[in-house]
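Participant: Have a look at the structure that comes next, please.
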Amino acid sequence: MSFGFVQQMMLLGLAAVALPVIAHLLSKRKFDVIFWGAMQFLELGRRTRRRIRLEELLLLLLRIGVIAALVFAFARPWGKGGPFRALSQSVRRDVAFVIDSSYSMGWAADGSTPHAAARQWVHQALQHLEPGDTVTLIDARDSVQTLIDQPTTDLRLVREALDRLASPSGSSQLAPAASRAVQLLSRGANPIREVMILTDGQAFPWSAGDAALWARFDDLVSQQTLKPRVWAINLSAAREDSVNRSIDRLELSRPTTVAEFPVRIRTTVRQSGGASERVAVWLSVNGQRLNDQTTVVTLPAGGEAPVEFEHRFPAVGSYLATVSIEPDALPGDNDAHAVVVVAPPAPVLLVDGRPRLDASRGAAYFARAALTAAGNAAPWIRAKTVAASDLQASDLDDKDVVVLLDVADLPEDRLRELTNFVGQGGGLIIAPGPSAAPNFYNGAFWNAGQGLLPARLESPPAEELAAGPVVLDADSFDAPWMARFRAGVGVDLAGTRISRWWKLLPMEESEKPADPGDAQPVPPATAKHSAVGEAVVAGRLKTGAPWIVTRRFGAGQTGVIATPLDAEWSTLPSRTDFVPFLHEFVFSLLSRDSGRNVDAGMPLELPLPEHVPLASVAFRTPDGRELAAQRGGNERRPTARLDAALIPGVYQAIRKSRPQDPPEYFAVEFDRREADLTPLDEASLAQLTGAERMSSIRGVDEWSAAVAGDAPRSEIWWLLLLAVLGLLVFEVVMTRRLIKGGHELTESEDAAGEAFGQSSDAAPGTPGRRSPRGVAVGGGNAHTPTDG
């Protein structure tokens with residue numbers, strides 16, 4: 001509570017309270033005392049006079065009060081808080097609650113979770129709001145979700161949204177969530193705006209060290225006409241000594257495979273804090289734990305251990321692979337999921353750039369033999385071969401991957417069709433050999449880094465060729481699909497002897513065209529597919545030169561290898577690893593499962609067969625809701641689409657008309673750095689709260705006390721004027737009473753004097769007669785007024 005005056009100089013008028021006192025003293029009459037024995041009969045008059053003196057004193061105080069109240073009223077006193085709240089309307093406010101829903105908010109060591117405490121905190125805060133206050137609610141996850149996007153005064157809606165809030169999962173970024181809150185508050189109309197960020201004190205979601213991120217937030221706040229106050233509420237006790245075991249996201253050797261083809265699943269198990277211990281890790285498929293896929297790893301304190309499983313999936317369909325560890329106080333990171341799609345044998349088109357009557361001498365002979373062996377009734381790949389000169393657009397229909405085997409060049413219309421094929425999700429392997437025309441490859445095929453070719457081709461220096469054959473560097477096989485051929489794991493791929501090769505030159509960052517116009521014009525039919533990704537070197541020669549380079553192109557993938565897939569320049573076809581290598585290469589470019597393993601916030605897409613109506617497909621979210629599918633894809637490959645998977649976890653695409661069919665799985669991942677429970681330190685907290693950006697509190701009562709100063713100042717001069725009016729009325733009453741009492745006293749004294757005079761024959765000037773000077777009677781003494 002606070003108090004003050006608007007016009008403090010007016011308080012100088014309090015000096016006027018001395019005027020009634022001075023007037024009282026000046027009007028007071030003095031008397032000479034004359035002893036008069038007969039006055040004992042007038043004792044009643046003495047008591048009356050005492051009463052009169054008390055009334056005079058009260059009248060004096062009333063007059064002093066009138067003057068003081070007038071002075072205080074002219075000074076315009078004001079008060080704020082405490083009892084003064086009853087004299088003014090409360091200030092309305094717009095409040096945005098931001099709840100951190102990352103999985104660290106699910107810490108349940110003490111039986112409760114910070115997430116539950118956050119919801120309870122908001123419920124309590126709602127009880128402190130006044131009529132007219134508005135509320136918005138934001139769920140901070142990997143993608144910021146607005147649960148109530150318009151400031152509302154209907155607190156029932158807010159409570160219902162809190163009750164529907166999904167369990168904590170994934171990670172969160174609080175700066176973007178706070179920015180969203182500021183944007184929503186700008187739609188409000190109340191004069192005070194507040195952002196309440198409820199979290200568990202973990203350092204990671206704050207990104208305190210990202211100065212640019214918080215500078216953008218500060219800039220957004222500075223643009224607001226009414227700048228909001230930001231409050232950070234820590235709902236968790238200190239967890240410096242907490243022990244947490246977690247699993248990194250799963251890494252698949254291939255997300256798409258065929259039945260009974262081995263798939264390797266790798267991950268890392270980590271531990272923060274604690275002591276060294278042995279932890280069981282196991283693999284489950286579609287929720288069923290595989291008894292033969294369990295291992296035990298030793299985790300050092302604050303350390304990690306790699307884990308790898310291999311599994312063959314038996315039939316066509318989608319499979320949910322889950323790696324799990326023993327439960328602890330934070331269940332959100334005890335599992336990691338990935339989806340493997342088992343497809344029918346992949347249709348592959350082999351384009352032979354050197355066809356021969358003797359097929360064994362053609363460029364496609366060894367590749368076809370490796371991919372579709374004679375006598376194999378259930379091949380993983382079904383390959384069709386066509387000569388480059390006979391290639392037609394219809395040959396690309398229903399194919400997943402095209403392999404160009406020492407093709408010299410392609411006409412413009414075939415290049416356009418091939419670009420469309422890859423841009424819409426197809427795969428392309430380019431294996432140039434002695435027939436390859438550098439002008440075509442480095443021209444339209446490369447297209448200044450915007451074409452299908454992931455790297456330019458150059459002949460290696462003569463001195464390198466003169467040095468003799470080179471071999472592969474097994475330690476450079478960094479791509480997941482090349483893992484089985486690394487040193488100590490593979491059989492003999494690294495021993496391939498290469499006598500000639502093309503030097504592959506992926507685009508460096510400095511070589512990228514500053515203006516897209518630097519690239520050659522892209523045909524209009526393919527322009528929408530021309531987005532390309534970064535080049536990835538999947539393997540190198542011992543000289544350090546790239547051997548395989550891959551890159552995303554539109555919705556598809558392309559890859560180029562520095563040697564042909566025949567025996568012209570290398571011993572590759574004679575290697576034992578050649579068959580699995582070529583299968584791995586083809587499967588790495590398959591993109592029919594696009595969207596099965598994605599990050600939070602990304603769309604989900606399921607290929608939609610012609611006979612399946614879109615309305616029969618729905619997506620089931622990790623929290624059990626069913627969302628209708630939208631149409632996606634393109635004419636060649638239509639899909640059922642969910643625009644954004646906002647909550648990390650396992651999603652299922654289901655046929656509502658055929659609930660007995662197995663679901664199609666999707667795994668939505670998140671930032672696994674959320675497993676680091678390190679709390680904000682003092683330095684980071686100072687960075688966040690500096691420059692009055694935000695304040696840190698804990699309880700609702702602390703917030704209520706902090707905002708108590710928002711109440712407006714209540715001026716009470718009108719109350720003082722009412723008091724003056726009341727005092728004046730009282731003063732009139734007292735004055736009238738005093739005058740009336742004085743007349744009654746005079747009349748009674750006169751009557752007493754006359755009675756006494758009639759019974760006495762005393763001479764003038766003797767006792768019993770009035771003094772010429774007007775003797776006043778009282779208490780046995782006579783008081784004679786004197787001048788002065």
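Following the order of the structure tokens, chains are lettered A, B, ..., residues in each are numbered from 1, and ligands are numbered from 1.
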Env of stretch 285-297 of chain A: 8 Å cut, atoms = only C-alpha atoms, seq-sep filter 5 positions within chain, self excluded. Answer as a list in words.

Facilitator: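 My reading of the contact set: Arg278, Val279, Ala280, Ala305, Val307, Phe309, Tyr319, Leu320, Ala321 and Thr322 of chain A.
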
Participant: May I have the residues from that selection written out with N, CA, C and O atoms, as a PDB file, in the first residue's frame?

Facilitator:
```pdb
ATOM      1  N   ARG A 278      25.754 -51.340 -15.235  1.00  0.00           N
ATOM      2  CA  ARG A 278      25.385 -52.147 -16.391  1.00  0.00           C
ATOM      3  C   ARG A 278      23.894 -51.992 -16.635  1.00  0.00           C
ATOM      4  O   ARG A 278      23.083 -52.095 -15.714  1.00  0.00           O
ATOM      5  N   VAL A 279      23.535 -51.748 -17.911  1.00  0.00           N
ATOM      6  CA  VAL A 279      22.164 -51.459 -18.276  1.00  0.00           C
ATOM      7  C   VAL A 279      21.744 -52.380 -19.415  1.00  0.00           C
ATOM      8  O   VAL A 279      22.477 -52.541 -20.397  1.00  0.00           O
ATOM      9  N   ALA A 280      20.570 -52.974 -19.281  1.00  0.00           N
ATOM     10  CA  ALA A 280      20.018 -53.826 -20.332  1.00  0.00           C
ATOM     11  C   ALA A 280      19.375 -52.973 -21.414  1.00  0.00           C
ATOM     12  O   ALA A 280      18.661 -52.010 -21.124  1.00  0.00           O
ATOM     13  N   ALA A 305      27.587 -45.510 -24.426  1.00  0.00           N
ATOM     14  CA  ALA A 305      27.979 -46.787 -25.022  1.00  0.00           C
ATOM     15  C   ALA A 305      27.178 -46.987 -26.299  1.00  0.00           C
ATOM     16  O   ALA A 305      25.960 -46.772 -26.315  1.00  0.00           O
ATOM     17  N   VAL A 307      25.269 -49.067 -29.309  1.00  0.00           N
ATOM     18  CA  VAL A 307      24.476 -50.297 -29.383  1.00  0.00           C
ATOM     19  C   VAL A 307      24.071 -50.502 -30.837  1.00  0.00           C
ATOM     20  O   VAL A 307      23.726 -49.543 -31.532  1.00  0.00           O
ATOM     21  N   PHE A 309      21.809 -53.382 -33.384  1.00  0.00           N
ATOM     22  CA  PHE A 309      21.026 -54.592 -33.609  1.00  0.00           C
ATOM     23  C   PHE A 309      20.897 -54.809 -35.113  1.00  0.00           C
ATOM     24  O   PHE A 309      20.938 -53.868 -35.901  1.00  0.00           O
ATOM     25  N   TYR A 319       7.020 -51.417 -40.230  1.00  0.00           N
ATOM     26  CA  TYR A 319       7.373 -51.973 -38.937  1.00  0.00           C
ATOM     27  C   TYR A 319       7.940 -50.868 -38.053  1.00  0.00           C
ATOM     28  O   TYR A 319       8.753 -50.047 -38.508  1.00  0.00           O
ATOM     29  N   LEU A 320       7.504 -50.894 -36.802  1.00  0.00           N
ATOM     30  CA  LEU A 320       8.004 -49.941 -35.823  1.00  0.00           C
ATOM     31  C   LEU A 320       9.102 -50.607 -35.005  1.00  0.00           C
ATOM     32  O   LEU A 320       8.834 -51.556 -34.248  1.00  0.00           O
ATOM     33  N   ALA A 321      10.324 -50.144 -35.183  1.00  0.00           N
ATOM     34  CA  ALA A 321      11.462 -50.656 -34.414  1.00  0.00           C
ATOM     35  C   ALA A 321      11.691 -49.733 -33.223  1.00  0.00           C
ATOM     36  O   ALA A 321      11.805 -48.515 -33.388  1.00  0.00           O
ATOM     37  N   THR A 322      11.777 -50.322 -32.034  1.00  0.00           N
ATOM     38  CA  THR A 322      11.941 -49.549 -30.802  1.00  0.00           C
ATOM     39  C   THR A 322      13.091 -50.123 -29.998  1.00  0.00           C
ATOM     40  O   THR A 322      13.126 -51.334 -29.741  1.00  0.00           O
TER      41      THR A 322
END
```

Participant: Give me, as a list of chain:residue names, all polymer residues having an atom no more than 10 Å from A:Glu130, counting only C-alpha atoms and skipping those fewer than 3 positions away in the same chain.

Facilitator: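 Here the answer would be A:Ser90, A:Val91, A:Arg92, A:Arg93, A:Leu126, A:Gln127, A:Asp133, A:Thr134, A:Thr153.
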
Participant: Would you put the residues from that selection into a file with N, CA, C and O atoms, as a PDB file, in the first residue's frame?

Facilitator:
```pdb
ATOM      1  N   SER A  90     -10.349  -2.237 -10.681  1.00  0.00           N
ATOM      2  CA  SER A  90      -9.076  -2.920 -10.898  1.00  0.00           C
ATOM      3  C   SER A  90      -8.626  -2.732 -12.347  1.00  0.00           C
ATOM      4  O   SER A  90      -9.445  -2.608 -13.256  1.00  0.00           O
ATOM      5  N   VAL A  91      -7.300  -2.730 -12.561  1.00  0.00           N
ATOM      6  CA  VAL A  91      -6.755  -2.576 -13.903  1.00  0.00           C
ATOM      7  C   VAL A  91      -6.839  -3.927 -14.611  1.00  0.00           C
ATOM      8  O   VAL A  91      -6.359  -4.935 -14.098  1.00  0.00           O
ATOM      9  N   ARG A  92      -7.429  -3.948 -15.771  1.00  0.00           N
ATOM     10  CA  ARG A  92      -7.554  -5.195 -16.505  1.00  0.00           C
ATOM     11  C   ARG A  92      -6.247  -5.535 -17.201  1.00  0.00           C
ATOM     12  O   ARG A  92      -5.503  -4.648 -17.625  1.00  0.00           O
ATOM     13  N   ARG A  93      -6.015  -6.834 -17.331  1.00  0.00           N
ATOM     14  CA  ARG A  93      -4.754  -7.281 -17.912  1.00  0.00           C
ATOM     15  C   ARG A  93      -5.002  -8.413 -18.905  1.00  0.00           C
ATOM     16  O   ARG A  93      -5.994  -9.144 -18.814  1.00  0.00           O
ATOM     17  N   LEU A 126      -5.495 -18.394 -12.346  1.00  0.00           N
ATOM     18  CA  LEU A 126      -6.787 -17.974 -12.897  1.00  0.00           C
ATOM     19  C   LEU A 126      -7.708 -17.445 -11.798  1.00  0.00           C
ATOM     20  O   LEU A 126      -8.541 -16.571 -12.045  1.00  0.00           O
ATOM     21  N   GLN A 127      -7.558 -17.983 -10.583  1.00  0.00           N
ATOM     22  CA  GLN A 127      -8.398 -17.530  -9.478  1.00  0.00           C
ATOM     23  C   GLN A 127      -8.033 -16.117  -9.025  1.00  0.00           C
ATOM     24  O   GLN A 127      -8.836 -15.461  -8.357  1.00  0.00           O
ATOM     25  N   ASP A 133     -10.214  -9.543 -17.293  1.00  0.00           N
ATOM     26  CA  ASP A 133      -8.889 -10.016 -17.666  1.00  0.00           C
ATOM     27  C   ASP A 133      -9.021 -11.097 -18.737  1.00  0.00           C
ATOM     28  O   ASP A 133      -9.949 -11.903 -18.718  1.00  0.00           O
ATOM     29  N   THR A 134      -8.081 -11.126 -19.683  1.00  0.00           N
ATOM     30  CA  THR A 134      -8.115 -12.129 -20.751  1.00  0.00           C
ATOM     31  C   THR A 134      -6.913 -13.056 -20.632  1.00  0.00           C
ATOM     32  O   THR A 134      -5.884 -12.698 -20.052  1.00  0.00           O
ATOM     33  N   THR A 153     -11.929 -14.027 -22.163  1.00  0.00           N
ATOM     34  CA  THR A 153     -12.324 -13.831 -20.762  1.00  0.00           C
ATOM     35  C   THR A 153     -13.038 -15.055 -20.210  1.00  0.00           C
ATOM     36  O   THR A 153     -13.369 -15.091 -19.029  1.00  0.00           O
TER      37      THR A 153
END
```

Participant: Pick from A:Ile498, A:Ala329, A:Leu57, A:Leu410: nearest to A:Ala567, with only C-alpha atoms counted?

Facilitator: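 With only C-alpha atoms as the atom set, the closest residue is A:Ile498.
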
Participant: So which residues touch A:Ala15 within 10 Å, counting only C-alpha atoms, skipping near sequence neighbours fewer than 3 positions away, as a VMD selection string?

Facilitator: chain A and resid 11 to 12 18 to 19 67 to 68 71

Participant: Figure out the distance between atom CA of A:Ala667 and atom CA of A:Gly427, please, to one decimal in Å.

Facilitator: 22.8 Å

Participant: Just the residues within 8 Å of A:Ile247, please, counting only C-alpha atoms, with nothing from its chain fewer than 6 positions along; format it as an MDAnalysis selection string.

Facilitator: chainID A and resid 267:270 323:325 333:336

Participant: Take the residues from that selection and write them out as a PDB file, in the first residue's frame, keeping N, CA, C and O atoms.

Facilitator:
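New file again25.pdb:
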```pdb
ATOM      1  N   THR A 267      22.345 -47.037 -32.310  1.00  0.00           N
ATOM      2  CA  THR A 267      22.058 -45.899 -31.447  1.00  0.00           C
ATOM      3  C   THR A 267      23.137 -45.818 -30.382  1.00  0.00           C
ATOM      4  O   THR A 267      24.059 -46.635 -30.339  1.00  0.00           O
ATOM      5  N   THR A 268      23.002 -44.832 -29.490  1.00  0.00           N
ATOM      6  CA  THR A 268      23.938 -44.650 -28.381  1.00  0.00           C
ATOM      7  C   THR A 268      23.137 -44.474 -27.104  1.00  0.00           C
ATOM      8  O   THR A 268      22.157 -43.720 -27.075  1.00  0.00           O
ATOM      9  N   VAL A 269      23.540 -45.202 -26.074  1.00  0.00           N
ATOM     10  CA  VAL A 269      22.922 -45.074 -24.755  1.00  0.00           C
ATOM     11  C   VAL A 269      23.810 -44.170 -23.916  1.00  0.00           C
ATOM     12  O   VAL A 269      25.032 -44.391 -23.839  1.00  0.00           O
ATOM     13  N   ARG A 270      23.227 -43.172 -23.266  1.00  0.00           N
ATOM     14  CA  ARG A 270      23.989 -42.203 -22.494  1.00  0.00           C
ATOM     15  C   ARG A 270      23.510 -42.165 -21.048  1.00  0.00           C
ATOM     16  O   ARG A 270      22.376 -42.525 -20.741  1.00  0.00           O
ATOM     17  N   VAL A 323      14.015 -49.274 -29.617  1.00  0.00           N
ATOM     18  CA  VAL A 323      15.101 -49.660 -28.728  1.00  0.00           C
ATOM     19  C   VAL A 323      14.815 -49.056 -27.360  1.00  0.00           C
ATOM     20  O   VAL A 323      14.533 -47.849 -27.260  1.00  0.00           O
ATOM     21  N   SER A 324      14.879 -49.882 -26.315  1.00  0.00           N
ATOM     22  CA  SER A 324      14.478 -49.449 -24.984  1.00  0.00           C
ATOM     23  C   SER A 324      15.537 -49.801 -23.962  1.00  0.00           C
ATOM     24  O   SER A 324      16.355 -50.713 -24.160  1.00  0.00           O
ATOM     25  N   ILE A 325      15.508 -49.048 -22.852  1.00  0.00           N
ATOM     26  CA  ILE A 325      16.362 -49.333 -21.703  1.00  0.00           C
ATOM     27  C   ILE A 325      15.481 -49.415 -20.468  1.00  0.00           C
ATOM     28  O   ILE A 325      14.287 -49.111 -20.517  1.00  0.00           O
ATOM     29  N   ASP A 333      12.836 -40.369 -22.398  1.00  0.00           N
ATOM     30  CA  ASP A 333      13.969 -40.705 -23.266  1.00  0.00           C
ATOM     31  C   ASP A 333      14.460 -42.137 -23.053  1.00  0.00           C
ATOM     32  O   ASP A 333      15.599 -42.463 -23.367  1.00  0.00           O
ATOM     33  N   ASN A 334      13.598 -42.998 -22.514  1.00  0.00           N
ATOM     34  CA  ASN A 334      13.969 -44.394 -22.313  1.00  0.00           C
ATOM     35  C   ASN A 334      13.693 -45.257 -23.541  1.00  0.00           C
ATOM     36  O   ASN A 334      13.999 -46.444 -23.535  1.00  0.00           O
ATOM     37  N   ASP A 335      13.074 -44.672 -24.564  1.00  0.00           N
ATOM     38  CA  ASP A 335      12.778 -45.383 -25.812  1.00  0.00           C
ATOM     39  C   ASP A 335      13.143 -44.488 -26.983  1.00  0.00           C
ATOM     40  O   ASP A 335      13.088 -43.257 -26.890  1.00  0.00           O
ATOM     41  N   ALA A 336      13.474 -45.131 -28.087  1.00  0.00           N
ATOM     42  CA  ALA A 336      13.677 -44.427 -29.349  1.00  0.00           C
ATOM     43  C   ALA A 336      13.055 -45.274 -30.446  1.00  0.00           C
ATOM     44  O   ALA A 336      13.155 -46.513 -30.428  1.00  0.00           O
TER      45      ALA A 336
END
```

Participant: Find the spatial neighbours of A:Asp218, counting only C-alpha atoms, within a cut-off of 12 Å - ignore same-chain residues fewer than 3 positions away - and output them as a PyMOL selection string.

Facilitator: chain A and resi 175-176+178-179+182+211-215+221-224+227-230+688-694

Participant: Using the chain letters and numbers from this document, which residues of stretch 480-718 of chain A does DSSP assign to strand (DSSP E or B), as a PyMOL selection string?

Facilitator: chain A and resi 498+503-506+532+536-541+546-553+556-561+570+597-599+604-607+617-620+626-628+630-633+638-642+649-655+664-669+679+695-697+714-715

Participant: Ranking A:Phe578, A:Phe730, A:Trp703, A:Phe666 by minimum distance to A:Gln124 and counting only C-alpha atoms, which one comes first?

Facilitator: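 Of A:Phe578, A:Phe730, A:Trp703, A:Phe666, the one nearest A:Gln124, counting only C-alpha atoms, is A:Trp703.
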
Participant: What lies within 9 Å of A:Gln202 using only C-alpha atoms, ignoring chain neighbours under 4 positions off, as a compact mmCIF listing (two decimals) with N, CA, C and O atoms, in the first residue's frame?

Facilitator:
```txt
# COMPACT_ATOMS: atom_id res chain seq x y z
N SER A 104 11.45 -33.33 -20.29
CA SER A 104 12.08 -33.16 -18.98
C SER A 104 11.07 -32.69 -17.93
O SER A 104 11.29 -32.87 -16.73
N TRP A 206 16.11 -22.83 -22.85
CA TRP A 206 16.22 -21.37 -22.81
C TRP A 206 17.19 -20.83 -23.88
O TRP A 206 17.04 -19.69 -24.32
N ASN A 234 10.02 -21.13 -12.21
CA ASN A 234 10.72 -22.41 -12.09
C ASN A 234 9.91 -23.32 -11.16
O ASN A 234 9.74 -23.01 -9.98
N SER A 236 10.56 -26.65 -10.57
CA SER A 236 11.26 -27.87 -10.18
C SER A 236 12.33 -27.55 -9.17
O SER A 236 12.98 -26.51 -9.22
N ARG A 239 18.15 -30.10 -9.60
CA ARG A 239 18.39 -31.46 -10.02
C ARG A 239 19.84 -31.66 -10.45
O ARG A 239 20.15 -32.42 -11.35
N GLU A 674 17.65 -32.72 -25.14
CA GLU A 674 16.74 -32.50 -24.01
C GLU A 674 17.10 -33.39 -22.83
O GLU A 674 16.73 -33.11 -21.68
N ASP A 676 19.83 -33.64 -21.40
CA ASP A 676 20.74 -32.92 -20.50
C ASP A 676 19.93 -32.08 -19.53
O ASP A 676 19.34 -31.07 -19.90
N LEU A 677 19.90 -32.51 -18.27
CA LEU A 677 19.06 -31.84 -17.27
C LEU A 677 19.78 -30.71 -16.53
O LEU A 677 19.29 -30.23 -15.51
N THR A 678 20.92 -30.28 -17.04
CA THR A 678 21.67 -29.21 -16.38
C THR A 678 20.79 -27.99 -16.18
O THR A 678 20.20 -27.48 -17.14
N PRO A 679 20.68 -27.50 -14.94
CA PRO A 679 19.81 -26.32 -14.71
C PRO A 679 20.50 -25.03 -15.12
O PRO A 679 21.72 -24.99 -15.35
N LEU A 680 19.71 -23.99 -15.23
CA LEU A 680 20.27 -22.66 -15.51
C LEU A 680 21.20 -22.24 -14.38
O LEU A 680 20.85 -22.33 -13.20
```

Participant: Looking at only C-alpha atoms, which of A:Asp352, A:Pro262, A:Arg368, A:Thr146 is the one that sits closest to A:Ala383?

Facilitator: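 Ranking A:Asp352, A:Pro262, A:Arg368, A:Thr146 by distance to A:Ala383, first place goes to A:Arg368.
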
Participant: Considering only alpha helix (DSSP H) as DSSP defines it on the backbone, what residues of stretch 358-466 of chain A qualify? List them as a PyMOL selection string.

Facilitator: chain A and resi 365-371+412-423+438-440+462-466

Participant: Please identify all polymer residues within 9 Å of A:Gly632, counting only C-alpha atoms, omitting same-chain residues fewer than 2 positions from it, and present them as a ChimeraX atom specification.

Facilitator: /A:605-606,630,634,637-642

Participant: Please save C-alpha atoms of the selected residues as a PDB file, in the first residue's frame.

Facilitator:
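Ended up saving to result_27.pdb:
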```
ATOM      1  CA  GLU A 605       2.641 -38.600 -46.130  1.00  0.00           C
ATOM      2  CA  LEU A 606       1.393 -42.076 -46.980  1.00  0.00           C
ATOM      3  CA  GLN A 630      -5.550 -34.357 -46.472  1.00  0.00           C
ATOM      4  CA  ASN A 634       1.315 -35.390 -57.057  1.00  0.00           C
ATOM      5  CA  ARG A 637       2.278 -40.492 -56.571  1.00  0.00           C
ATOM      6  CA  PRO A 638      -0.800 -39.263 -54.653  1.00  0.00           C
ATOM      7  CA  THR A 639      -0.561 -39.389 -50.879  1.00  0.00           C
ATOM      8  CA  ALA A 640      -2.676 -39.082 -47.746  1.00  0.00           C
ATOM      9  CA  ARG A 641      -1.124 -36.222 -45.793  1.00  0.00           C
ATOM     10  CA  LEU A 642      -1.028 -34.836 -42.279  1.00  0.00           C
TER      11      LEU A 642
END
```
